[in-house]
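Enquirer: Take a look at this one; I'll ask things after.
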Amino acid sequence: MTPYSDVPRAARVVERIQESPDIFTLRLEYPDAREQHPFDFAPGQFNMLYLHGVGEVPISIVSDPNDDRYFDHTIRALGRVTRGLSNLSEGDFVGVRGPFGVGWPLAEAEGKDVVIVTGGLGCAPVVAVINYLFRRREQFGHVTILQGVKHHDDLIWRERYSEWAGQADTTVALAADNPGNDSSLFEGNVVQLFDRVELKAENAIAMMCGPEVMMHFSIEALLLRGFKATDLWVSMERNMQCANGLCGHCQIGPLFVCKDGPVFRYDRIAEWFFRKGF
Amino acid sequence: MPRGALQRFLDALQASGHQCIGPIEQDGALVFAPVTEVKQLPTGVHDLQAPGSYRLEHDESPRCFAWANGPQAIKPQTFAPQETLWRVVQDEHGLHFESEVSDTEKRALIGVRACDLAALTLQDKHFLSDTHADPAFASRREALFIVAVDCTHPADTCFCASTGDGPAVAGGFDIALSELDEGFIMRAGSVAGQSLIDSLNLSEADEGRLQQASDEISQAASQQTRELPGHLREQLFDRQEHPHWQAVAERCLACGNCTAVCPSCFCSAYESRPSLDGQESKQIRIWDSCFSFEHSNLHGHALRDDIRLRYRQWLTHKLAGWYDQYGRSGCTGCGRCITWCPVGIDLTKEVESLLEGDPA
């Protein structure tokens, strides 16, 4: 059982970073020295962040799993809790339960080409995985990162993308529906990027995170290019309240997103994926 | 056990430190409430149930378990309709969290039905899984002593025989009773149950009474007219776009009564309730229903924004999704969702209609 899965523990905001007009990162640490043991999590897992007196929200962990002191959450100020969290500053406290869920298939990806497809703030949950890949670069084949956003403002962490693009055996392609004056952005959506990069389906694995419609068309594009359903992995999002597979809100068909996911192999969720109402 | 010894049985349960919770008649229905004396039990009370209808009748029968069930299952005894999970206090040093879950006093549940006992087993699988045991549920579950009673008076809405969960209780109890006019046949299902029976110094039930009890159970099974086919998992998930979902939606009010009375439904919502000065807050867990608009909220939009999708969610989860999750259907045939539906939607009939026609 995950410790701290039922009652939160207090974490201090060490730093607050504004990433875009409505996206921010909270860097957290546990103030109690006894609790500053390595914070074990796998890329793709999430925590429940509690804003005092308001409520909890599930937020994926974006920092390096090797960092045993701080952990980062990148959040879009969208609802009651996340807007409140965006008002926090250094020294404030939040409650944290977690980590929860099943992360990305990193062992399975070893020795393979890796395709990462993200849309919108979808990049946050996969940033941890991208960092993980580059720290162990020799264990993986060609890395392709495809990222799409609506507006060029939403494209946070530009310098990281530039850095990744400069690495050997790596392809980075970025798209925006509204690219503004940024000529490095393809005008369009992330699915259109599939025609602009070369992908080998053999010995490759794809990890996707973002709006379901974007993942749906990305899956179509990948299957068309010879990828097998068992090579495709998606990170899902649903209403989550307990994170322990109890409260029932996050179910997609028989799957509990909070404990069976949030990362699923596509063939295991295909029966209900992108079906309205599930 | 002769009928006259029933009070001695209640006394023995109380003497062993249990609060007795049993069926009583209240506001025209049978509900579970604290009982200390036999006279509180519903002697000569029978229930008449039909889609959207529940009535009690009285006669001279000496029996006090001659009914099918009431609106409440035993679910509230383990999964509280509302409870505080933890509390947090804010001061100059930060936030301080504390669990509110405490040990529960011992309780003896009297008159538990086979359908509800089967549902309790399902709830055990959900709340006490290998990966996570809910502390609040575990505390209450631990405290339960279960006195089940075989059902000899199924309602018109019952179909436990077809789900395989009743009318006789098969396991999961401490003591099971078969009620006859003159008294009860008792059998133990646990060490605690056996020692309590031993303490009553009863004589062995004779062959004739055992036969009568068994006949009454067979009769109760054969009286049931409704049935639910088993193993609907593929058939229902293959019919996600069946036109009958819309036909149900046109009658369904999305009131959530069916989920409130269902002994296996497990959804709950988590809410923060801050004090007026904002320094303290408690985290509440409260029963939720997949028929509510908010249940499927994601970023301010409901994924199931019409009743068709919400009814489909409930039924496909109950009768299909449960197979993947806990190895069987989530329905134990108690029929409450039929009785307590204000417009009389009948799950067994809706399933019949959904199975007509090709998968779509």
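For the structure tokens, the naming scheme is as follows: chains receive sequential letters (A, B, ...) according to their order of presentation, residues are indexed from 1 within each chain, and ligands are indexed from 1 in presentation order.
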Please return, as number ranges by chain, all residues of region 31-143 of chain A that DSSP assigns to strand (DSSP E) on the basis of the backbone.
Expert: A: 46-51, 55-60, 71-76, 93-100, 113-119, 143
Enquirer: For region 26-33 of chain A, work out the shell of residues within 10 Å, counting only C-alpha atoms and skipping chain neighbours fewer than 2 positions away, then give it as a PyMOL selection string.
Expert: (chain A and resi 9-18+24+35-37+39+62-63+68-75+85-86+88-96) or (chain B and resi 93-94)
Enquirer: Any idea what the distance is between CA of Gln251 (chain A) and CA of Val102 (chain A)?
Expert: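 If I compute the distance from CA of Gln251 (chain A) to CA of Val102 (chain A), I get 14.8 Å.
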Enquirer: Might you pull out every residue within 10 Å of Ser218 (chain A), with only C-alpha atoms counted and same-chain residues fewer than 5 positions away left off, and present them as a ChimeraX atom specification?
Expert: /A:117-118,190-194,206,208,212-213,223-224,232
Enquirer: Using only C-alpha atoms, which residue out of B:Ala247, B:Ile345, B:Ala221, B:Val149 lies closest to Ala66 (chain B)?
Expert: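 For Ala66 (chain B), the nearest of the given residues is B:Val149.
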Enquirer: Contacts from chain A to chain B, 7 Å maximum, only C-alpha atoms: show me the residue list as a list in words.
Expert: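 Those within range of chain B come out as Met1, Val7, Pro8, Arg9, Ala10, Gly53, Val54, Gly55, Gly79, Phe93, Arg238, Asn239, Gln241, Asn244, Leu246, Cys247, Gly248, His249, Gly253, Pro254 and Gly277 of chain A.
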Enquirer: For the residues in that selection, give me N, CA and C atoms as a short mmCIF file (atom, residue, chain, number, x, y, z; two decimals), in the first residue's frame.
Expert:
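See again_9.cif below for the written result:
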```
data_model
loop_
_atom_site.label_atom_id
_atom_site.label_comp_id
_atom_site.auth_asym_id
_atom_site.auth_seq_id
_atom_site.Cartn_x
_atom_site.Cartn_y
_atom_site.Cartn_z
N MET A 1 0.84 -1.20 0.00
CA MET A 1 0.00 0.00 0.00
C MET A 1 0.88 1.26 0.00
N VAL A 7 -4.32 9.91 4.24
CA VAL A 7 -4.27 11.23 4.88
C VAL A 7 -3.07 11.98 4.30
N PRO A 8 -3.26 13.24 3.89
CA PRO A 8 -2.13 13.98 3.30
C PRO A 8 -1.04 14.26 4.32
N ARG A 9 0.15 14.56 3.83
CA ARG A 9 1.17 15.15 4.69
C ARG A 9 1.49 16.53 4.12
N ALA A 10 1.97 17.39 4.99
CA ALA A 10 2.20 18.77 4.59
C ALA A 10 3.49 18.88 3.78
N GLY A 53 -8.62 23.92 2.91
CA GLY A 53 -10.00 24.36 2.98
C GLY A 53 -10.75 24.34 1.66
N VAL A 54 -10.09 24.00 0.58
CA VAL A 54 -10.74 24.05 -0.73
C VAL A 54 -10.92 22.65 -1.32
N GLY A 55 -9.85 21.88 -1.40
CA GLY A 55 -10.01 20.53 -1.93
C GLY A 55 -8.73 19.99 -2.55
N GLY A 79 -9.49 25.40 -12.53
CA GLY A 79 -10.66 25.22 -11.67
C GLY A 79 -10.43 25.89 -10.32
N PHE A 93 2.03 26.28 2.35
CA PHE A 93 1.94 24.82 2.48
C PHE A 93 0.78 24.25 1.68
N ARG A 238 -9.25 11.67 -15.83
CA ARG A 238 -10.65 11.61 -15.43
C ARG A 238 -10.81 12.32 -14.10
N ASN A 239 -12.07 12.56 -13.73
CA ASN A 239 -12.37 13.09 -12.41
C ASN A 239 -11.80 12.12 -11.37
N GLN A 241 -11.01 11.67 -7.14
CA GLN A 241 -11.20 12.25 -5.82
C GLN A 241 -10.46 11.48 -4.74
N ASN A 244 -7.46 6.11 -4.76
CA ASN A 244 -7.22 4.75 -4.28
C ASN A 244 -8.13 3.72 -4.93
N LEU A 246 -11.38 3.85 -5.13
CA LEU A 246 -12.58 3.65 -4.32
C LEU A 246 -13.76 4.49 -4.75
N CYS A 247 -13.52 5.76 -5.08
CA CYS A 247 -14.64 6.70 -5.20
C CYS A 247 -15.43 6.53 -6.49
N GLY A 248 -14.87 5.83 -7.48
CA GLY A 248 -15.63 5.46 -8.65
C GLY A 248 -15.67 6.47 -9.78
N HIS A 249 -15.20 7.70 -9.55
CA HIS A 249 -15.35 8.73 -10.58
C HIS A 249 -14.48 8.50 -11.80
N GLY A 253 -14.99 2.37 -18.52
CA GLY A 253 -15.38 0.96 -18.54
C GLY A 253 -15.02 0.37 -17.17
N PRO A 254 -14.36 -0.77 -17.14
CA PRO A 254 -14.01 -1.37 -15.84
C PRO A 254 -12.69 -0.88 -15.27
N GLY A 277 -18.93 9.21 -23.20
CA GLY A 277 -19.63 8.73 -22.01
C GLY A 277 -18.82 7.77 -21.16
#
```
Enquirer: Which of region 90-328 of chain B end up as helix (DSSP H, G or I) when DSSP is run on this backbone - answer as a PyMOL selection string?
Expert: chain B and resi 114-127+135-142+160-163+191-199+207-223+233-237+244-249+257-261+293-296+307-326
Enquirer: Calculate how many Å separate CA of Arg187 (chain B) from CA of Gly166 (chain B), rounding to one decimal.
Expert: 16.4 Å
Enquirer: Got a sec: who's within 12 Å of Pro2 (chain B), counting only C-alpha atoms, leaving out chain neighbours fewer than 2 positions off, as a PyMOL selection string?
Expert: chain B and resi 4-9+62-63+177-186+200-205+209
Enquirer: Using N, CA and C atoms, can you export the residues from the last selection as a PDB file, in the first residue's frame?
Expert:
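The resulting file, part-v3.pdb, is shown below:
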```pdb
ATOM      1  N   GLY B   4     -39.404 -18.359  21.919  1.00  0.00           N
ATOM      2  CA  GLY B   4     -39.285 -17.717  23.236  1.00  0.00           C
ATOM      3  C   GLY B   4     -37.852 -17.433  23.656  1.00  0.00           C
ATOM      4  N   ALA B   5     -36.883 -18.066  22.984  1.00  0.00           N
ATOM      5  CA  ALA B   5     -35.473 -17.884  23.373  1.00  0.00           C
ATOM      6  C   ALA B   5     -34.803 -16.755  22.593  1.00  0.00           C
ATOM      7  N   LEU B   6     -35.580 -16.135  21.677  1.00  0.00           N
ATOM      8  CA  LEU B   6     -34.971 -15.098  20.825  1.00  0.00           C
ATOM      9  C   LEU B   6     -34.427 -13.923  21.657  1.00  0.00           C
ATOM     10  N   GLN B   7     -35.165 -13.582  22.725  1.00  0.00           N
ATOM     11  CA  GLN B   7     -34.692 -12.480  23.567  1.00  0.00           C
ATOM     12  C   GLN B   7     -33.366 -12.854  24.248  1.00  0.00           C
ATOM     13  N   ARG B   8     -33.286 -14.137  24.653  1.00  0.00           N
ATOM     14  CA  ARG B   8     -32.074 -14.612  25.297  1.00  0.00           C
ATOM     15  C   ARG B   8     -30.887 -14.499  24.312  1.00  0.00           C
ATOM     16  N   PHE B   9     -31.190 -14.743  23.039  1.00  0.00           N
ATOM     17  CA  PHE B   9     -30.173 -14.634  21.987  1.00  0.00           C
ATOM     18  C   PHE B   9     -29.695 -13.178  21.850  1.00  0.00           C
ATOM     19  N   PRO B  62     -46.547 -15.193  13.613  1.00  0.00           N
ATOM     20  CA  PRO B  62     -45.607 -14.972  14.715  1.00  0.00           C
ATOM     21  C   PRO B  62     -44.206 -14.624  14.212  1.00  0.00           C
ATOM     22  N   ARG B  63     -44.004 -14.722  12.922  1.00  0.00           N
ATOM     23  CA  ARG B  63     -42.644 -14.548  12.381  1.00  0.00           C
ATOM     24  C   ARG B  63     -42.225 -13.079  12.350  1.00  0.00           C
ATOM     25  N   LEU B 177     -29.874 -18.034  10.509  1.00  0.00           N
ATOM     26  CA  LEU B 177     -31.137 -18.527  11.047  1.00  0.00           C
ATOM     27  C   LEU B 177     -32.061 -18.914   9.904  1.00  0.00           C
ATOM     28  N   SER B 178     -32.812 -20.018  10.136  1.00  0.00           N
ATOM     29  CA  SER B 178     -33.963 -20.294   9.285  1.00  0.00           C
ATOM     30  C   SER B 178     -35.168 -20.128  10.193  1.00  0.00           C
ATOM     31  N   GLU B 179     -36.090 -19.277   9.768  1.00  0.00           N
ATOM     32  CA  GLU B 179     -37.227 -19.006  10.651  1.00  0.00           C
ATOM     33  C   GLU B 179     -38.412 -19.918  10.331  1.00  0.00           C
ATOM     34  N   LEU B 180     -38.947 -20.565  11.377  1.00  0.00           N
ATOM     35  CA  LEU B 180     -40.199 -21.331  11.276  1.00  0.00           C
ATOM     36  C   LEU B 180     -41.196 -20.657  12.229  1.00  0.00           C
ATOM     37  N   ASP B 181     -42.458 -21.035  12.138  1.00  0.00           N
ATOM     38  CA  ASP B 181     -43.440 -20.385  13.021  1.00  0.00           C
ATOM     39  C   ASP B 181     -43.045 -20.516  14.486  1.00  0.00           C
ATOM     40  N   GLU B 182     -42.581 -21.719  14.858  1.00  0.00           N
ATOM     41  CA  GLU B 182     -42.344 -21.968  16.286  1.00  0.00           C
ATOM     42  C   GLU B 182     -40.958 -21.537  16.755  1.00  0.00           C
ATOM     43  N   GLY B 183     -40.077 -21.185  15.831  1.00  0.00           N
ATOM     44  CA  GLY B 183     -38.741 -20.760  16.263  1.00  0.00           C
ATOM     45  C   GLY B 183     -37.748 -20.758  15.115  1.00  0.00           C
ATOM     46  N   PHE B 184     -36.504 -21.018  15.464  1.00  0.00           N
ATOM     47  CA  PHE B 184     -35.430 -20.854  14.478  1.00  0.00           C
ATOM     48  C   PHE B 184     -34.485 -22.054  14.468  1.00  0.00           C
ATOM     49  N   ILE B 185     -33.995 -22.368  13.283  1.00  0.00           N
ATOM     50  CA  ILE B 185     -32.897 -23.322  13.174  1.00  0.00           C
ATOM     51  C   ILE B 185     -31.639 -22.483  13.030  1.00  0.00           C
ATOM     52  N   MET B 186     -30.650 -22.747  13.871  1.00  0.00           N
ATOM     53  CA  MET B 186     -29.432 -21.920  13.850  1.00  0.00           C
ATOM     54  C   MET B 186     -28.277 -22.728  13.311  1.00  0.00           C
ATOM     55  N   LEU B 200     -26.168 -20.966  24.371  1.00  0.00           N
ATOM     56  CA  LEU B 200     -27.628 -20.907  24.526  1.00  0.00           C
ATOM     57  C   LEU B 200     -28.238 -22.241  24.955  1.00  0.00           C
ATOM     58  N   ASN B 201     -27.422 -23.290  24.958  1.00  0.00           N
ATOM     59  CA  ASN B 201     -27.890 -24.622  25.369  1.00  0.00           C
ATOM     60  C   ASN B 201     -29.162 -25.057  24.649  1.00  0.00           C
ATOM     61  N   LEU B 202     -29.104 -25.091  23.329  1.00  0.00           N
ATOM     62  CA  LEU B 202     -30.291 -25.447  22.546  1.00  0.00           C
ATOM     63  C   LEU B 202     -30.233 -26.926  22.174  1.00  0.00           C
ATOM     64  N   SER B 203     -31.389 -27.468  21.828  1.00  0.00           N
ATOM     65  CA  SER B 203     -31.392 -28.857  21.369  1.00  0.00           C
ATOM     66  C   SER B 203     -31.253 -28.885  19.851  1.00  0.00           C
ATOM     67  N   GLU B 204     -30.837 -30.036  19.330  1.00  0.00           N
ATOM     68  CA  GLU B 204     -30.677 -30.219  17.884  1.00  0.00           C
ATOM     69  C   GLU B 204     -32.033 -30.072  17.190  1.00  0.00           C
ATOM     70  N   ALA B 205     -32.004 -29.451  16.018  1.00  0.00           N
ATOM     71  CA  ALA B 205     -33.242 -29.339  15.245  1.00  0.00           C
ATOM     72  C   ALA B 205     -33.600 -30.723  14.702  1.00  0.00           C
ATOM     73  N   ARG B 209     -38.253 -30.417  10.950  1.00  0.00           N
ATOM     74  CA  ARG B 209     -38.089 -28.957  10.888  1.00  0.00           C
ATOM     75  C   ARG B 209     -37.033 -28.576   9.855  1.00  0.00           C
TER      76      ARG B 209
END
```
Enquirer: Could you give me, as a PyMOL selection string, the residues within 7 Å of region 214-216 of chain B, counting only C-alpha atoms and dropping anything in the same chain fewer than 4 positions from it?
Expert: chain B and resi 152+210+220
Enquirer: Quick one: residues within 6 Å of Pro51 (chain B), only C-alpha atoms, excluding same-chain residues fewer than 5 positions away - as a compact mmCIF listing (two decimals) with C-alpha atoms, in the first residue's frame?
Expert:
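Generated output (part_25.txt):
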```
# COMPACT_ATOMS: atom_id res chain seq x y z
CA ILE B 338 -36.76 -1.68 -9.22
CA THR B 339 -38.91 -0.98 -6.15
CA GLY B 344 -40.51 1.88 -11.94
```
Enquirer: Return the single residue from A:Phe186, A:Trp272, A:Phe217, A:Tyr4 that is closest to Pro99 (chain A), with distances computed using only C-alpha atoms.
Expert: A:Tyr4
Enquirer: Give me the residues within 10 Å of Gly120 (chain A) as a compact mmCIF listing (two decimals) with C-alpha atoms, in the first residue's frame, counting only C-alpha atoms and dropping any in the same chain fewer than 4 places off.
Expert:
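See around39.txt below for the written result:
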```
# COMPACT_ATOMS: atom_id res chain seq x y z
CA ALA A 124 3.93 18.06 -18.36
CA GLN A 147 4.32 18.38 -29.43
CA GLY A 148 1.31 20.44 -30.40
CA VAL A 149 -0.34 23.38 -28.69
CA LYS A 150 -3.20 25.72 -29.51
CA HIS A 151 -1.37 28.94 -28.98
CA ASP A 154 1.18 27.49 -24.31
CA LEU A 155 4.49 26.08 -25.45
CA ILE A 156 6.32 26.13 -22.17
CA ALA A 176 0.74 25.30 -32.95
CA VAL A 190 0.30 17.58 -33.74
CA CYS A 209 -0.46 12.32 -23.45
CA GLY A 210 -2.95 15.09 -24.08
CA PRO A 211 -6.55 15.58 -25.22
CA MET A 214 -5.46 14.21 -30.28
```
Enquirer: Figure out the distance between CA of Ile61 (chain A) and CA of Leu133 (chain A), please, to one decimal in Å.
Expert: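 That distance, rounded to one decimal, is 15.9 Å.
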Enquirer: Find the residue from A:Gly180, A:Gly245, A:Gly166, A:Pro58 that sits nearest to Thr82 (chain A); use only C-alpha atoms when measuring.
Expert: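 Nearest to Thr82 (chain A): A:Pro58.
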